[in-house]
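Structure, as structure tokens:
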Amino acid sequence: MAVAEDAVRESEAEWTILRPNQFFQNFDEYLWQAPLGAGRLGLPIGDMPEPFVDADDVAAVAAVVLTEDAHAGRTYELSGPRALTFAEATGIIARAAGRPIRYEELTPQAYRAELLAQGWAEADADALGAMFALHRAGHSAEVTDGVRQVLGREAADLEPWARRIAATGVWA
């Protein structure tokens, strides 16, 4: 990502960079929906918190920076309003779903093995492993105010989102 950002900055194009944290939607869509639905989310995260962000907030920020001139040449770190561990986030989702869902800490090797057993390509499993290694090192643990800077309001919180999404039955 750093190489891509440098290329954008060095170009002659007008630019704004958005750096969002993990999306709420990773829990109800592609990445973690099936494990949560099965009652267990296992990841190699440790107890490092993550200030998850709603992709709707990221889209709203993108719309503003694409339509207003005041954002050229800026970088916005986008996070939710509070940092939660994955165990805490899983607990919020379990309560919202009204059923037991547990978080299990995995070693990076065990996580990779699970991904490969599920049919993931080695390159994709390695990319996820690298992402989680950055997370464990604390690179995405800080709550930021990028959403508020651009939208003039606080970022959405995971708990109300989880209640709304649980009502659809996605984790039943």
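Residue names in the structure tokens use chain letters A, B, ... in the order shown, residue numbers from 1 in each chain, and ligand numbers from 1 in the order shown.
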
A:Val58: which residues within 12 Å, counting only C-alpha atoms, same-chain residues fewer than 5 positions away excluded, as a ChimeraX atom specification? /A:17-25,52-53,63-65,76-80,146-148,150-151,155-156

Excluding same-chain residues fewer than 3 positions from A:Asp47, what lies within 12 Å of it counting only C-alpha atoms, as number ranges by chain? A: 43-44, 50, 83-89, 103-106, 132, 135-138, 141

Just asking: which residues within chain A are alpha helix (DSSP H) according to DSSP, as JSON, numbers by chain? {"A": [2, 3, 4, 5, 6, 7, 8, 9, 10, 33, 34, 35, 36, 37, 55, 56, 57, 58, 59, 60, 61, 62, 63, 64, 65, 66, 67, 86, 87, 88, 89, 90, 91, 92, 93, 94, 95, 96, 97, 108, 109, 110, 111, 112, 113, 114, 115, 116, 117, 122, 123, 124, 125, 126, 127, 128, 129, 130, 131, 132, 133, 134, 135, 136, 146, 147, 148, 149, 150, 151, 158, 159, 160, 161, 162, 163, 164, 165, 166]}

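Taking only stretch 85-136 of chain A, the residues that DSSP calls strand (DSSP E) from the backbone come to A:Arg102, A:Tyr103, A:Glu104, A:Glu105.
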
Near A:Ala38, within 12 Å and counting only C-alpha atoms, which residues show up once chain neighbours fewer than 5 positions away are dropped, as a list in words?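 The residues that qualify are Trp32, Gln33, Ala94, Arg99, Pro100, Ile101, Arg102, Tyr103, Val170, Trp171 and Ala172 of chain A.
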
For the residues in that selection, give me N, CA, C and O atoms as a tab-separated table (two decimals), in the first residue's frame.
chain	number	residue	atom	x	y	z
A	32	TRP	N	-15.88	-13.10	7.24
A	32	TRP	CA	-16.14	-13.76	8.52
A	32	TRP	C	-17.59	-14.16	8.74
A	32	TRP	O	-17.94	-14.66	9.80
A	33	GLN	N	-18.45	-13.98	7.76
A	33	GLN	CA	-19.86	-14.32	7.94
A	33	GLN	C	-20.04	-15.81	8.20
A	33	GLN	O	-20.75	-16.20	9.12
A	94	ALA	N	-22.50	-11.81	18.94
A	94	ALA	CA	-23.23	-12.93	19.56
A	94	ALA	C	-24.46	-12.43	20.32
A	94	ALA	O	-25.55	-13.00	20.19
A	99	ARG	N	-27.36	-15.64	20.16
A	99	ARG	CA	-26.89	-17.03	20.17
A	99	ARG	C	-25.41	-17.07	20.51
A	99	ARG	O	-24.71	-16.05	20.36
A	100	PRO	N	-24.93	-18.22	20.96
A	100	PRO	CA	-23.50	-18.29	21.29
A	100	PRO	C	-22.64	-18.28	20.03
A	100	PRO	O	-22.89	-19.02	19.08
A	101	ILE	N	-21.68	-17.40	20.04
A	101	ILE	CA	-20.63	-17.36	19.02
A	101	ILE	C	-19.35	-17.09	19.79
A	101	ILE	O	-19.28	-16.11	20.53
A	102	ARG	N	-18.36	-17.91	19.62
A	102	ARG	CA	-17.13	-17.73	20.38
A	102	ARG	C	-15.99	-17.27	19.48
A	102	ARG	O	-15.97	-17.56	18.29
A	103	TYR	N	-15.09	-16.54	20.10
A	103	TYR	CA	-13.86	-16.15	19.43
A	103	TYR	C	-12.77	-17.09	19.89
A	103	TYR	O	-12.67	-17.39	21.09
A	170	VAL	N	-28.50	-13.02	9.31
A	170	VAL	CA	-27.24	-13.40	8.66
A	170	VAL	C	-26.36	-14.31	9.53
A	170	VAL	O	-25.62	-15.13	9.00
A	171	TRP	N	-26.45	-14.21	10.85
A	171	TRP	CA	-25.64	-15.04	11.74
A	171	TRP	C	-26.46	-16.14	12.42
A	171	TRP	O	-26.00	-16.76	13.37
A	172	ALA	N	-27.69	-16.37	11.95
A	172	ALA	CA	-28.56	-17.36	12.59
A	172	ALA	C	-28.06	-18.77	12.33
A	172	ALA	O	-27.37	-19.06	11.40

Computed interatomic separation between atom CA of A:Ala127 and atom CA of A:Thr107 (Å):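 Interatomic distance, atom CA of A:Ala127 to atom CA of A:Thr107: 15.3 Å.
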
Got a sec: who's within 12 Å of A:Gly98, counting only C-alpha atoms, leaving out chain neighbours fewer than 3 positions off, as a PyMOL selection string? chain A and resi 37+39+90-95+101+162-163+166-167+169-172

Which residue is closest to A:Asp157? Choose from A:Leu66, A:Ala55, A:Leu31, A:Leu41 and count only C-alpha atoms.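 Closest residue, counting only C-alpha atoms: A:Ala55.
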
One-decimal distance in Å that lies between atom CA of A:Tyr30 and atom CA of A:Asp57: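 Those two atoms sit 18.8 Å apart.
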
Of the residues A:Ala62, A:Glu142, A:Asp69, A:Met48, which is the one nearest to A:Glu14, using only C-alpha atoms?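 Result for the nearest residue to A:Glu14: A:Asp69.
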
Of the residues A:Tyr111, A:Trp15, A:Trp120, A:Phe27, which is the one nearest to A:His71, using only C-alpha atoms?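 For A:His71, the nearest of the candidates is A:Trp15.
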